[in-house]
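So the structure is just underneath, and the comments pick up after that.
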Amino acid sequence: CAYSNIRVHGTINIHVVPTGRVSRTEPNLTNNPPDVRGIFIADEGNKLVTGDWSALELRLNGLVTGDETMKKIFADFDSGKGLKPHVVNASIIFGLKAEPELEQKHPGPYRAAKCAIYACSYGSGPSTVFEQMLKEEPNLKWDEFIIIYERLKKAYPHFFQNQVDTVLLGIKQGYLDSPVLKRRVYYWERSRDENSPEAPSMMNFRFQSASADIVSLANRRMVERVLEPWRTERLVNNERLEQQVQVHDELLFNVPAHLAAEFAPLFKSICEEQVVKGWHLPVDVKILEPLAPN
């Protein structure tokens, strides 16, 4: 990373990660979207409009694997009938009362439950899941963790079985296709069981590739349907309408202030269009006020 003229030049790779996400060397500019978003300020007379997919990869756990329990948790939450998914997971894993106040009453278990479900999504085995949970619950013992892990597997049996089935399919075929755009990634490991060294990559590939495809396709629709025609038809007096950045599951646009209120709902509706039948993937869109001058 080079620093000059008060600019940070991160090294970004666009042809390294098979899922379609950008990767980086150092510093890590892509793991913290709010930090990256904070780098940008609106042009004079403009506002920043940001759209962030709601728990995209966690939703894809259920949608890609077909786990009905996971899908129902999100369906209930979206309809206002259910609790936050991480609250439900923490309740299941730690045997706590399922209530909206769980996050405040038990912050450590709440965060540890988030670590557990994401680690499992990324293909981590029990030892790694345990290590991740220890960061939030340092007093957690291995024997206690095994009970927790078994509760998680019992709650989402189809998800865990699908993880194993995916690895066995990848080994048998020597490749896997991404769920959305069917991009093919080859695996060369010759192990013949779910303990293949490439198993975590195979499991993780489906969720991250689906996430990357969904955001990239939405980005393309925004450029074709909004940015390009609006630049020709709606801008006056040298106004600028630009995309600022795409970081993981977030898109950020620099929009003339008088168009922001019209832009935001259009942005939301375009991003939420289904790319796979039955997949509901809500996007939270916000209009950010320009930073006050120093």
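Just remember, in the structure tokens the first chain shown is A, the second B, etc., residues are 1-based per chain, and ligands are 1-based in the order shown.
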Subject >> Residues near Leu63 (chain A), cut-off 12 Å, only C-alpha atoms, skip fewer than 6 positions along chain, as a list in words >> reply: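 That gives Leu56, Glu57, Thr69, Met70, Lys71, Lys72, Ile73, Phe74, Ala75, His158, Phe159, Asn162, Pro179, Val180, Arg206, Phe207, Ala210, Ser211, Val276, Lys277, Gly278, Trp279, His280 and Leu281 of chain A.
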**OP:** Would you please give, as an NGL selection string, all residues of region 10-227 of chain A that DSSP assigns to alpha helix (DSSP H) based on the backbone?
**Re:** :A and (33-37 or 56-65 or 68-78 or 85-94 or 102-105 or 107-121 or 126-134 or 142-155 or 157-173 or 199-222)
Subject >> Those in region 89-271 of chain A with strand (DSSP E or B) from DSSP, as number ranges by chain >> reply: A: 175-177, 184-186, 242-247, 250-256
Subject >> Contacts of region 252-254 of chain A within 6 Å, only C-alpha atoms, excl. fewer than 3 positions in-chain, as a VMD selection string >> reply: chain A and resid 42 47 to 50 241 to 245
What lies within 12 Å of Ala218 (chain A) using only C-alpha atoms, ignoring chain neighbours under 5 positions off, as a PDB file with C-alpha atoms, in the first residue's frame?
ATOM      1  CA  GLY A  51     -27.751  -0.148  -0.473  1.00  0.00           C
ATOM      2  CA  ASP A  52     -26.808  -3.092   1.718  1.00  0.00           C
ATOM      3  CA  TRP A  53     -28.229  -6.610   1.337  1.00  0.00           C
ATOM      4  CA  SER A 211     -23.536 -13.429  -3.089  1.00  0.00           C
ATOM      5  CA  ALA A 212     -21.028 -11.966  -5.538  1.00  0.00           C
ATOM      6  CA  ASP A 213     -23.235 -12.828  -8.526  1.00  0.00           C
ATOM      7  CA  VAL A 223     -25.824   1.064 -14.534  1.00  0.00           C
ATOM      8  CA  GLU A 224     -27.916   0.067 -17.549  1.00  0.00           C
ATOM      9  CA  ARG A 225     -31.329   1.222 -16.328  1.00  0.00           C
ATOM     10  CA  VAL A 226     -30.533   4.234 -14.175  1.00  0.00           C
ATOM     11  CA  GLN A 246     -18.980  -1.941  -4.418  1.00  0.00           C
ATOM     12  CA  ASP A 249     -22.798  -6.801  -0.210  1.00  0.00           C
ATOM     13  CA  GLU A 250     -22.996  -3.019  -0.437  1.00  0.00           C
ATOM     14  CA  LEU A 251     -23.262  -0.547  -3.320  1.00  0.00           C
ATOM     15  CA  LEU A 266     -35.754   2.693  -7.664  1.00  0.00           C
ATOM     16  CA  PHE A 267     -32.366   1.482  -6.407  1.00  0.00           C
ATOM     17  CA  LYS A 268     -34.093  -0.774  -3.862  1.00  0.00           C
ATOM     18  CA  SER A 269     -36.580  -2.273  -6.324  1.00  0.00           C
ATOM     19  CA  ILE A 270     -33.923  -3.007  -8.946  1.00  0.00           C
ATOM     20  CA  CYS A 271     -31.594  -4.640  -6.419  1.00  0.00           C
ATOM     21  CA  GLU A 272     -34.387  -6.804  -5.006  1.00  0.00           C
ATOM     22  CA  GLU A 273     -35.436  -8.269  -8.359  1.00  0.00           C
ATOM     23  CA  GLN A 274     -35.296 -12.057  -8.184  1.00  0.00           C
ATOM     24  CA  VAL A 275     -32.403 -13.692  -9.986  1.00  0.00           C
ATOM     25  CA  LEU A 281     -33.171 -10.955  -0.719  1.00  0.00           C
ATOM     26  CA  VAL A 283     -31.888  -4.542   0.487  1.00  0.00           C
TER      27      VAL A 283
END
Original post:
To one decimal place, how far is CA of Val87 (chain A) from CA of His248 (chain A) in Å?
Top reply: 23.5 Å
**OP:** For region 94-100 of chain A, please output as number ranges by chain all residues within 8 Å (counting only C-alpha atoms; exclusion window: fewer than 5 positions along the same chain).
**Re:** A: 83-84, 87-88, 109, 148
Restricting the output to C-alpha atoms, write the selected residues as a JSON list (two decimals), in the first residue's frame.
[["chain", "number", "residue", "atom", "x", "y", "z"],
["A", 83, "LEU", "CA", -37.16, -12.66, 15.94],
["A", 84, "LYS", "CA", -33.83, -11.66, 14.43],
["A", 87, "VAL", "CA", -31.31, -14.19, 18.22],
["A", 88, "VAL", "CA", -32.97, -17.45, 17.16],
["A", 109, "PRO", "CA", -23.53, -15.77, 23.48],
["A", 148, "ILE", "CA", -23.62, -26.55, 21.43]]
Subject >> Atom-to-atom span, CA of Phe263 (chain A) and CA of Ser79 (chain A), Å >> reply: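 For CA of Phe263 (chain A) relative to CA of Ser79 (chain A), the distance reads 25.2 Å.
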Subject >> Residues within 12 Å of Arg111 (chain A), only C-alpha atoms, excluding chain neighbours under 4 positions, as a count of residues only >> reply: 24
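The gap separating CA of Phe40 (chain A) from CA of Glu233 (chain A) is 25.6 Å, in Å to one decimal.
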**OP:** Mind checking which residues fall within 9 Å of Ala199 (chain A), counting only C-alpha atoms, ignoring those fewer than 6 positions away in the same chain, and posting them as a PyMOL selection string?
**Re:** chain A and resi 123-124+163-164+166-168+170-171
